[in-house]
Amino acid sequence: MTGAVNAEFWAGKRVFLTGHTGFKGSWLTLWLSAMGAEVYGYAFDPGDAPNLFDLVDAGRGITSTTGDIRDLASVRTSMAVAEPNILIHMAAQSLVRPSYDDPVNTYATNVMGTVNVLEAARACPSLRAAVVVTTDKCYENREWEWGYREDEAMGGHDPYSSSKGCAELVSSAYRNSFFSSAPNGLNLATARAGNVIGGGDWARDRLVPDALCAFAEGKRVAIRNPLATRPWQHVLEPLSGYLVLTQALWRKGSDFAEGWNFGPRDEDARPVRWVVEELATHWGGDAGWVEADGFHPHEAHSLKLDISKARARLHWRPRWALEETVARIVAWQKAWLDGADMRAHCLTEIEAYTTEPTASEETIQ
């Protein structure tokens, strides 16, 4: 067996999930619900259509609370009512370019929002495992060619990246100050993913949504940094990592209460140009790209994650190569444009991901 997501483990677990109405949150809500977990979501409304949460009816069968993680009292009340066993904190201001436009809100959400969620967790005796999701951009980026390991320094050039480095430090301080000897035995870990892509993402200023929107309108997409290298991965990859990590926290405790990388294979850290051209090939027709004009705020040129720790200790590894990921994204988008049942489509993708043949490795029981 591999370090796989165990549906039996999740059946009946009470999960408090922040950011459940977002792109990653909607996929995770659907996955948890399919496994029989009791999901208590806390987030903003999903926003204008199209949005994945409404499209796949992710709110079906869960308890969904509209709230702001910057409001400590609200977070405390909602978590206390839910009495969760597990916390997965994903709510965030998650984009680099908007962080330049509104740094105050970025820090308020990503830093103090994390403080508020962990303060609520500190007062919640039913909790046993918690995962705070940050980003690959939390590392002090030195623009080197090899992947960052979990013990590298936190940092960040832009407000978004910096705020996520701060969220890592906040989580570490809470773990050391309050949770390592807490009577309720809460084990807290952080998870750092790569550039997450997949069907159902309509966020502005993100490469794949911008490209698919342009292609659907018969236009070429304008891209800012065609040679920038990123660790691209299908959305189900890091989500599976968060779930496997939570299983380990529950069963093995403090040995796993630390930071973890969940990135793609080394060969799937590709330039932006490669991804856009692969998308265009699968889309067909005259799909293509042009380089965007004008001034662009600083963004990292090269960024990779070292996932050897997750491979060795969690027995987790990526399943889908980037070529397959891109093909699946285009197929997802075309199915949506054709009016398909996208809840069923997403559940089929989750099933395909979880049943994919893998090498024989022992899972954490």
# chains A, B, ... in the order shown; residues from 1 in each chain; ligands from 1
$ residues_around --residues "Val133 in chain A" --least-positions-apart "5" --cutoff "8 Å" --atoms "only C-alpha atoms" --output "PyMOL selection string"
chain A and resi 88-90+190-193
$ residues_around --residues "range 109-115 of chain A" --least-positions-apart "4" --cutoff "7 Å" --atoms "only C-alpha atoms" --output "PyMOL selection string"
chain A and resi 69-70+92-93+105+119+163-164+166-167+170
$ select_by_dssp --residues "range 182-250 of chain A" --states "alpha helix (DSSP H)" --output "list in words"
Leu207, Val208, Pro209, Asp210, Ala211, Leu212, Cys213, Ala214, Phe215, Ala216, Leu236, Glu237, Pro238, Leu239, Ser240, Gly241, Tyr242, Leu243, Val244, Leu245, Thr246, Gln247, Ala248, Leu249 and Trp250 of chain A
$ write_last_selection --atoms "N, CA, C and O atoms" --output "CSV table (one decimal), in the first residue's frame"
chain,number,residue,atom,x,y,z
A,207,LEU,N,-2.7,32.0,-14.6
A,207,LEU,CA,-2.3,31.6,-15.9
A,207,LEU,C,-3.3,30.8,-16.6
A,207,LEU,O,-3.8,31.1,-17.7
A,208,VAL,N,-3.7,29.6,-16.0
A,208,VAL,CA,-4.6,28.7,-16.7
A,208,VAL,C,-6.0,29.3,-16.9
A,208,VAL,O,-6.5,29.2,-18.0
A,209,PRO,N,-6.6,29.9,-15.9
A,209,PRO,CA,-8.0,30.5,-16.2
A,209,PRO,C,-7.9,31.5,-17.3
A,209,PRO,O,-8.8,31.6,-18.1
A,210,ASP,N,-6.9,32.4,-17.2
A,210,ASP,CA,-6.7,33.4,-18.3
A,210,ASP,C,-6.6,32.8,-19.6
A,210,ASP,O,-7.2,33.3,-20.6
A,211,ALA,N,-5.8,31.7,-19.7
A,211,ALA,CA,-5.6,31.1,-21.0
A,211,ALA,C,-6.8,30.5,-21.6
A,211,ALA,O,-7.2,30.7,-22.7
A,212,LEU,N,-7.5,29.7,-20.7
A,212,LEU,CA,-8.8,29.0,-21.2
A,212,LEU,C,-9.8,30.0,-21.6
A,212,LEU,O,-10.6,29.8,-22.5
A,213,CYS,N,-9.9,31.1,-20.8
A,213,CYS,CA,-10.9,32.2,-21.2
A,213,CYS,C,-10.6,32.8,-22.5
A,213,CYS,O,-11.5,32.9,-23.4
A,214,ALA,N,-9.3,33.1,-22.8
A,214,ALA,CA,-8.9,33.6,-24.0
A,214,ALA,C,-9.2,32.7,-25.2
A,214,ALA,O,-9.7,33.0,-26.2
A,215,PHE,N,-8.8,31.4,-25.0
A,215,PHE,CA,-9.0,30.4,-26.0
A,215,PHE,C,-10.5,30.2,-26.4
A,215,PHE,O,-10.9,30.1,-27.6
A,216,ALA,N,-11.4,30.2,-25.4
A,216,ALA,CA,-12.8,30.1,-25.6
A,216,ALA,C,-13.4,31.3,-26.4
A,216,ALA,O,-14.4,31.1,-27.1
A,236,LEU,N,-5.8,18.0,-7.2
A,236,LEU,CA,-6.0,16.8,-6.3
A,236,LEU,C,-4.6,16.3,-5.7
A,236,LEU,O,-4.7,15.7,-4.7
A,237,GLU,N,-3.5,16.7,-6.3
A,237,GLU,CA,-2.2,16.3,-5.7
A,237,GLU,C,-2.0,16.9,-4.3
A,237,GLU,O,-1.8,16.1,-3.4
A,238,PRO,N,-2.0,18.2,-4.1
A,238,PRO,CA,-1.7,18.7,-2.8
A,238,PRO,C,-2.9,18.4,-1.8
A,238,PRO,O,-2.6,18.1,-0.6
A,239,LEU,N,-4.1,18.3,-2.3
A,239,LEU,CA,-5.2,17.9,-1.4
A,239,LEU,C,-5.0,16.5,-0.9
A,239,LEU,O,-5.3,16.3,0.3
A,240,SER,N,-4.5,15.6,-1.7
A,240,SER,CA,-4.3,14.3,-1.2
A,240,SER,C,-3.2,14.3,-0.1
A,240,SER,O,-3.2,13.6,0.9
A,241,GLY,N,-2.2,15.2,-0.4
A,241,GLY,CA,-1.1,15.4,0.6
A,241,GLY,C,-1.7,15.9,2.0
A,241,GLY,O,-1.3,15.4,3.0
A,242,TYR,N,-2.6,16.9,1.9
A,242,TYR,CA,-3.2,17.4,3.2
A,242,TYR,C,-3.9,16.3,3.9
A,242,TYR,O,-3.8,16.1,5.2
A,243,LEU,N,-4.6,15.4,3.2
A,243,LEU,CA,-5.4,14.4,3.8
A,243,LEU,C,-4.5,13.3,4.4
A,243,LEU,O,-4.7,12.8,5.5
A,244,VAL,N,-3.5,12.9,3.6
A,244,VAL,CA,-2.5,11.9,4.1
A,244,VAL,C,-1.8,12.4,5.4
A,244,VAL,O,-1.6,11.7,6.3
A,245,LEU,N,-1.4,13.7,5.3
A,245,LEU,CA,-0.7,14.3,6.5
A,245,LEU,C,-1.7,14.3,7.7
A,245,LEU,O,-1.2,14.0,8.8
A,246,THR,N,-2.9,14.6,7.5
A,246,THR,CA,-3.9,14.6,8.6
A,246,THR,C,-4.0,13.2,9.2
A,246,THR,O,-4.1,13.1,10.4
A,247,GLN,N,-4.1,12.2,8.4
A,247,GLN,CA,-4.2,10.8,8.8
A,247,GLN,C,-3.0,10.5,9.7
A,247,GLN,O,-3.1,9.9,10.8
A,248,ALA,N,-1.8,11.0,9.3
A,248,ALA,CA,-0.6,10.7,10.1
A,248,ALA,C,-0.6,11.5,11.4
A,248,ALA,O,-0.2,10.9,12.4
A,249,LEU,N,-1.0,12.7,11.4
A,249,LEU,CA,-1.1,13.5,12.6
A,249,LEU,C,-2.1,12.8,13.6
A,249,LEU,O,-1.8,12.8,14.8
A,250,TRP,N,-3.2,12.3,13.1
A,250,TRP,CA,-4.2,11.6,14.0
A,250,TRP,C,-3.6,10.3,14.6
A,250,TRP,O,-3.8,10.0,15.8
$ select_by_dssp --residues "range 150-208 of chain A" --states "strand (DSSP E or B)" --output "PyMOL selection string"
chain A and resi 154+187-193+195-197
$ write_last_selection --atoms "N, CA, C and O atoms" --output "mmCIF file, in the first residue's frame"
data_model
loop_
_atom_site.group_PDB
_atom_site.id
_atom_site.type_symbol
_atom_site.label_atom_id
_atom_site.label_comp_id
_atom_site.auth_asym_id
_atom_site.auth_seq_id
_atom_site.Cartn_x
_atom_site.Cartn_y
_atom_site.Cartn_z
ATOM 1 N N MET A 154 12.162 31.011 5.888
ATOM 2 C CA MET A 154 10.956 31.658 5.382
ATOM 3 C C MET A 154 11.313 33.060 4.881
ATOM 4 O O MET A 154 12.288 33.657 5.306
ATOM 5 N N ASN A 187 -2.335 18.152 17.372
ATOM 6 C CA ASN A 187 -1.097 18.123 16.596
ATOM 7 C C ASN A 187 -1.274 19.000 15.360
ATOM 8 O O ASN A 187 -2.187 18.778 14.563
ATOM 9 N N LEU A 188 -0.385 19.995 15.206
ATOM 10 C CA LEU A 188 -0.501 21.003 14.158
ATOM 11 C C LEU A 188 0.650 20.888 13.175
ATOM 12 O O LEU A 188 1.821 20.891 13.563
ATOM 13 N N ALA A 189 0.319 20.816 11.887
ATOM 14 C CA ALA A 189 1.312 20.804 10.815
ATOM 15 C C ALA A 189 0.986 21.896 9.817
ATOM 16 O O ALA A 189 -0.142 22.398 9.765
ATOM 17 N N THR A 190 1.972 22.272 8.999
ATOM 18 C CA THR A 190 1.738 23.182 7.885
ATOM 19 C C THR A 190 2.060 22.455 6.584
ATOM 20 O O THR A 190 2.888 21.539 6.551
ATOM 21 N N ALA A 191 1.395 22.882 5.514
ATOM 22 C CA ALA A 191 1.543 22.227 4.215
ATOM 23 C C ALA A 191 1.787 23.267 3.145
ATOM 24 O O ALA A 191 1.050 24.250 3.041
ATOM 25 N N ARG A 192 2.804 23.030 2.331
ATOM 26 C CA ARG A 192 3.215 23.975 1.285
ATOM 27 C C ARG A 192 3.071 23.287 -0.068
ATOM 28 O O ARG A 192 3.727 22.280 -0.328
ATOM 29 N N ALA A 193 2.197 23.819 -0.894
ATOM 30 C CA ALA A 193 1.933 23.233 -2.206
ATOM 31 C C ALA A 193 2.595 24.059 -3.296
ATOM 32 O O ALA A 193 3.063 25.175 -3.069
ATOM 33 N N ASN A 195 2.255 25.347 -7.609
ATOM 34 C CA ASN A 195 1.270 26.117 -8.372
ATOM 35 C C ASN A 195 0.120 25.196 -8.749
ATOM 36 O O ASN A 195 0.255 24.360 -9.641
ATOM 37 N N VAL A 196 -0.983 25.352 -8.072
ATOM 38 C CA VAL A 196 -2.102 24.420 -8.186
ATOM 39 C C VAL A 196 -2.988 24.817 -9.358
ATOM 40 O O VAL A 196 -3.431 25.968 -9.465
ATOM 41 N N ILE A 197 -3.255 23.865 -10.230
ATOM 42 C CA ILE A 197 -4.099 24.107 -11.394
ATOM 43 C C ILE A 197 -5.122 22.983 -11.497
ATOM 44 O O ILE A 197 -4.939 21.905 -10.939
#
$ residues_around --residues "range 346-356 of chain A" --least-positions-apart "2" --cutoff "10 Å" --atoms "only C-alpha atoms" --output "list in words"
Ala4, Val5, Asn6, Ala7, Trp27, Leu28, Leu30, Trp31, Ala34, Val56, Gly199, Gly200, Leu236, Glu237, Ser240, Arg319, Trp320, Arg328, Trp332, Asp341, Met342, Arg343, Ala344 and Thr358 of chain A
$ residues_around --residues "Leu95 in chain A" --least-positions-apart "5" --cutoff "12 Å" --atoms "only C-alpha atoms" --output "PDB file with C-alpha atoms, in the first residue's frame"
ATOM      1  CA  TYR A 100       0.601  44.623  -4.320  1.00  0.00           C
ATOM      2  CA  ASP A 101      -2.709  46.473  -4.704  1.00  0.00           C
ATOM      3  CA  ASP A 102      -3.951  45.690  -1.187  1.00  0.00           C
ATOM      4  CA  PRO A 103      -1.117  44.648   1.123  1.00  0.00           C
ATOM      5  CA  ASN A 105      -5.850  43.133   3.539  1.00  0.00           C
ATOM      6  CA  THR A 106      -3.342  40.499   2.436  1.00  0.00           C
ATOM      7  CA  ASN A 110      -3.102  35.622   5.836  1.00  0.00           C
ATOM      8  CA  THR A 134       0.451  27.989   3.068  1.00  0.00           C
ATOM      9  CA  THR A 135       2.367  27.992  -0.248  1.00  0.00           C
ATOM     10  CA  LYS A 137       6.204  30.978  -2.058  1.00  0.00           C
ATOM     11  CA  ASP A 158       6.030  40.447  -2.357  1.00  0.00           C
ATOM     12  CA  PRO A 159       3.299  40.965   0.290  1.00  0.00           C
ATOM     13  CA  TYR A 160       1.548  37.681  -0.552  1.00  0.00           C
ATOM     14  CA  SER A 161       4.675  35.534  -0.279  1.00  0.00           C
ATOM     15  CA  SER A 162       5.803  37.372   2.838  1.00  0.00           C
ATOM     16  CA  SER A 163       2.393  36.975   4.478  1.00  0.00           C
ATOM     17  CA  LYS A 164       2.526  33.220   3.908  1.00  0.00           C
ATOM     18  CA  ASN A 195       1.270  26.117  -8.372  1.00  0.00           C
ATOM     19  CA  VAL A 196      -2.102  24.420  -8.186  1.00  0.00           C
ATOM     20  CA  ALA A 203      -9.611  33.378 -10.502  1.00  0.00           C
ATOM     21  CA  ARG A 204      -8.288  36.502 -12.176  1.00  0.00           C
ATOM     22  CA  ASP A 205      -4.567  36.939 -12.842  1.00  0.00           C
ATOM     23  CA  ARG A 206      -3.922  33.196 -12.898  1.00  0.00           C
ATOM     24  CA  LEU A 207      -2.303  31.630 -15.912  1.00  0.00           C
ATOM     25  CA  GLU A 299       7.475  37.666  -9.377  1.00  0.00           C
TER      26      GLU A 299
END
$ residues_around --residues "Glu291 in chain A" --least-positions-apart "3" --cutoff "9 Å" --atoms "only C-alpha atoms" --output "VMD selection string"
chain A and resid 221 to 226
$ decode --residues "range 191-290 of chain A" --atoms "C-alpha atoms" --output "PDB file, in the first residue's frame"
ATOM      1  CA  ALA A 191       1.543  22.227   4.215  1.00  0.00           C
ATOM      2  CA  ARG A 192       3.215  23.975   1.285  1.00  0.00           C
ATOM      3  CA  ALA A 193       1.933  23.233  -2.206  1.00  0.00           C
ATOM      4  CA  GLY A 194       3.144  24.218  -5.656  1.00  0.00           C
ATOM      5  CA  ASN A 195       1.270  26.117  -8.372  1.00  0.00           C
ATOM      6  CA  VAL A 196      -2.102  24.420  -8.186  1.00  0.00           C
ATOM      7  CA  ILE A 197      -4.099  24.107 -11.394  1.00  0.00           C
ATOM      8  CA  GLY A 198      -7.250  22.214 -12.351  1.00  0.00           C
ATOM      9  CA  GLY A 199     -10.755  22.407 -13.687  1.00  0.00           C
ATOM     10  CA  GLY A 200     -13.085  24.960 -12.135  1.00  0.00           C
ATOM     11  CA  ASP A 201     -10.634  27.777 -11.447  1.00  0.00           C
ATOM     12  CA  TRP A 202     -11.889  31.166 -12.626  1.00  0.00           C
ATOM     13  CA  ALA A 203      -9.611  33.378 -10.502  1.00  0.00           C
ATOM     14  CA  ARG A 204      -8.288  36.502 -12.176  1.00  0.00           C
ATOM     15  CA  ASP A 205      -4.567  36.939 -12.842  1.00  0.00           C
ATOM     16  CA  ARG A 206      -3.922  33.196 -12.898  1.00  0.00           C
ATOM     17  CA  LEU A 207      -2.303  31.630 -15.912  1.00  0.00           C
ATOM     18  CA  VAL A 208      -4.594  28.685 -16.675  1.00  0.00           C
ATOM     19  CA  PRO A 209      -7.951  30.475 -16.177  1.00  0.00           C
ATOM     20  CA  ASP A 210      -6.720  33.417 -18.261  1.00  0.00           C
ATOM     21  CA  ALA A 211      -5.564  31.102 -21.041  1.00  0.00           C
ATOM     22  CA  LEU A 212      -8.759  29.037 -21.164  1.00  0.00           C
ATOM     23  CA  CYS A 213     -10.929  32.152 -21.155  1.00  0.00           C
ATOM     24  CA  ALA A 214      -8.937  33.634 -24.042  1.00  0.00           C
ATOM     25  CA  PHE A 215      -9.036  30.387 -26.036  1.00  0.00           C
ATOM     26  CA  ALA A 216     -12.809  30.100 -25.596  1.00  0.00           C
ATOM     27  CA  GLU A 217     -13.157  33.622 -27.025  1.00  0.00           C
ATOM     28  CA  GLY A 218     -10.899  32.822 -29.970  1.00  0.00           C
ATOM     29  CA  LYS A 219      -8.085  35.024 -28.639  1.00  0.00           C
ATOM     30  CA  ARG A 220      -4.442  34.537 -27.783  1.00  0.00           C
ATOM     31  CA  VAL A 221      -3.617  34.822 -24.095  1.00  0.00           C
ATOM     32  CA  ALA A 222      -1.169  37.520 -22.970  1.00  0.00           C
ATOM     33  CA  ILE A 223       1.410  36.157 -20.532  1.00  0.00           C
ATOM     34  CA  ARG A 224       3.776  38.176 -18.374  1.00  0.00           C
ATOM     35  CA  ASN A 225       6.783  35.928 -17.769  1.00  0.00           C
ATOM     36  CA  PRO A 226       6.967  33.134 -20.362  1.00  0.00           C
ATOM     37  CA  LEU A 227      10.291  31.786 -19.057  1.00  0.00           C
ATOM     38  CA  ALA A 228       9.361  31.739 -15.361  1.00  0.00           C
ATOM     39  CA  THR A 229       9.515  28.213 -13.927  1.00  0.00           C
ATOM     40  CA  ARG A 230       6.877  26.981 -11.485  1.00  0.00           C
ATOM     41  CA  PRO A 231       6.085  23.656  -9.751  1.00  0.00           C
ATOM     42  CA  TRP A 232       2.763  22.954 -11.512  1.00  0.00           C
ATOM     43  CA  GLN A 233       0.430  20.299 -10.091  1.00  0.00           C
ATOM     44  CA  HIS A 234      -3.176  19.164 -10.429  1.00  0.00           C
ATOM     45  CA  VAL A 235      -5.347  20.371  -7.552  1.00  0.00           C
ATOM     46  CA  LEU A 236      -5.951  16.807  -6.322  1.00  0.00           C
ATOM     47  CA  GLU A 237      -2.218  16.301  -5.716  1.00  0.00           C
ATOM     48  CA  PRO A 238      -1.743  18.705  -2.781  1.00  0.00           C
ATOM     49  CA  LEU A 239      -5.231  17.935  -1.448  1.00  0.00           C
ATOM     50  CA  SER A 240      -4.265  14.284  -1.202  1.00  0.00           C
ATOM     51  CA  GLY A 241      -1.135  15.396   0.640  1.00  0.00           C
ATOM     52  CA  TYR A 242      -3.153  17.367   3.178  1.00  0.00           C
ATOM     53  CA  LEU A 243      -5.411  14.372   3.775  1.00  0.00           C
ATOM     54  CA  VAL A 244      -2.537  11.886   4.128  1.00  0.00           C
ATOM     55  CA  LEU A 245      -0.744  14.290   6.482  1.00  0.00           C
ATOM     56  CA  THR A 246      -3.874  14.621   8.612  1.00  0.00           C
ATOM     57  CA  GLN A 247      -4.163  10.838   8.839  1.00  0.00           C
ATOM     58  CA  ALA A 248      -0.553  10.715  10.071  1.00  0.00           C
ATOM     59  CA  LEU A 249      -1.146  13.481  12.625  1.00  0.00           C
ATOM     60  CA  TRP A 250      -4.153  11.602  13.971  1.00  0.00           C
ATOM     61  CA  ARG A 251      -2.470   8.218  14.170  1.00  0.00           C
ATOM     62  CA  LYS A 252       1.161   9.074  14.869  1.00  0.00           C
ATOM     63  CA  GLY A 253       0.828  12.424  16.610  1.00  0.00           C
ATOM     64  CA  SER A 254       3.598  14.927  17.189  1.00  0.00           C
ATOM     65  CA  ASP A 255       6.151  13.069  15.026  1.00  0.00           C
ATOM     66  CA  PHE A 256       4.413  14.665  12.032  1.00  0.00           C
ATOM     67  CA  ALA A 257       3.584  18.078  13.569  1.00  0.00           C
ATOM     68  CA  GLU A 258       5.893  20.184  11.382  1.00  0.00           C
ATOM     69  CA  GLY A 259       6.126  21.688   7.884  1.00  0.00           C
ATOM     70  CA  TRP A 260       5.621  19.579   4.726  1.00  0.00           C
ATOM     71  CA  ASN A 261       6.071  20.123   0.999  1.00  0.00           C
ATOM     72  CA  PHE A 262       3.578  18.624  -1.456  1.00  0.00           C
ATOM     73  CA  GLY A 263       4.862  19.476  -4.904  1.00  0.00           C
ATOM     74  CA  PRO A 264       5.122  17.805  -8.305  1.00  0.00           C
ATOM     75  CA  ARG A 265       7.868  15.637  -9.743  1.00  0.00           C
ATOM     76  CA  ASP A 266      11.066  17.565 -10.542  1.00  0.00           C
ATOM     77  CA  GLU A 267      10.433  17.254 -14.262  1.00  0.00           C
ATOM     78  CA  ASP A 268       7.025  18.935 -13.870  1.00  0.00           C
ATOM     79  CA  ALA A 269       8.575  22.233 -12.758  1.00  0.00           C
ATOM     80  CA  ARG A 270       8.171  23.803 -16.204  1.00  0.00           C
ATOM     81  CA  PRO A 271       8.288  27.291 -17.725  1.00  0.00           C
ATOM     82  CA  VAL A 272       5.051  29.222 -18.144  1.00  0.00           C
ATOM     83  CA  ARG A 273       5.506  29.116 -21.903  1.00  0.00           C
ATOM     84  CA  TRP A 274       5.522  25.291 -21.937  1.00  0.00           C
ATOM     85  CA  VAL A 275       2.261  25.125 -19.974  1.00  0.00           C
ATOM     86  CA  VAL A 276       0.470  27.618 -22.222  1.00  0.00           C
ATOM     87  CA  GLU A 277       1.628  25.875 -25.384  1.00  0.00           C
ATOM     88  CA  GLU A 278       0.515  22.488 -24.007  1.00  0.00           C
ATOM     89  CA  LEU A 279      -2.892  23.978 -23.158  1.00  0.00           C
ATOM     90  CA  ALA A 280      -3.134  25.448 -26.659  1.00  0.00           C
ATOM     91  CA  THR A 281      -2.249  22.112 -28.270  1.00  0.00           C
ATOM     92  CA  HIS A 282      -5.025  20.306 -26.394  1.00  0.00           C
ATOM     93  CA  TRP A 283      -7.483  23.129 -27.060  1.00  0.00           C
ATOM     94  CA  GLY A 284      -6.819  23.147 -30.783  1.00  0.00           C
ATOM     95  CA  GLY A 285      -7.667  25.690 -33.424  1.00  0.00           C
ATOM     96  CA  ASP A 286      -5.750  28.972 -33.329  1.00  0.00           C
ATOM     97  CA  ALA A 287      -5.138  28.909 -29.557  1.00  0.00           C
ATOM     98  CA  GLY A 288      -1.824  30.498 -28.619  1.00  0.00           C
ATOM     99  CA  TRP A 289      -0.118  33.267 -26.651  1.00  0.00           C
ATOM    100  CA  VAL A 290       1.562  36.646 -26.884  1.00  0.00           C
TER     101      VAL A 290
END
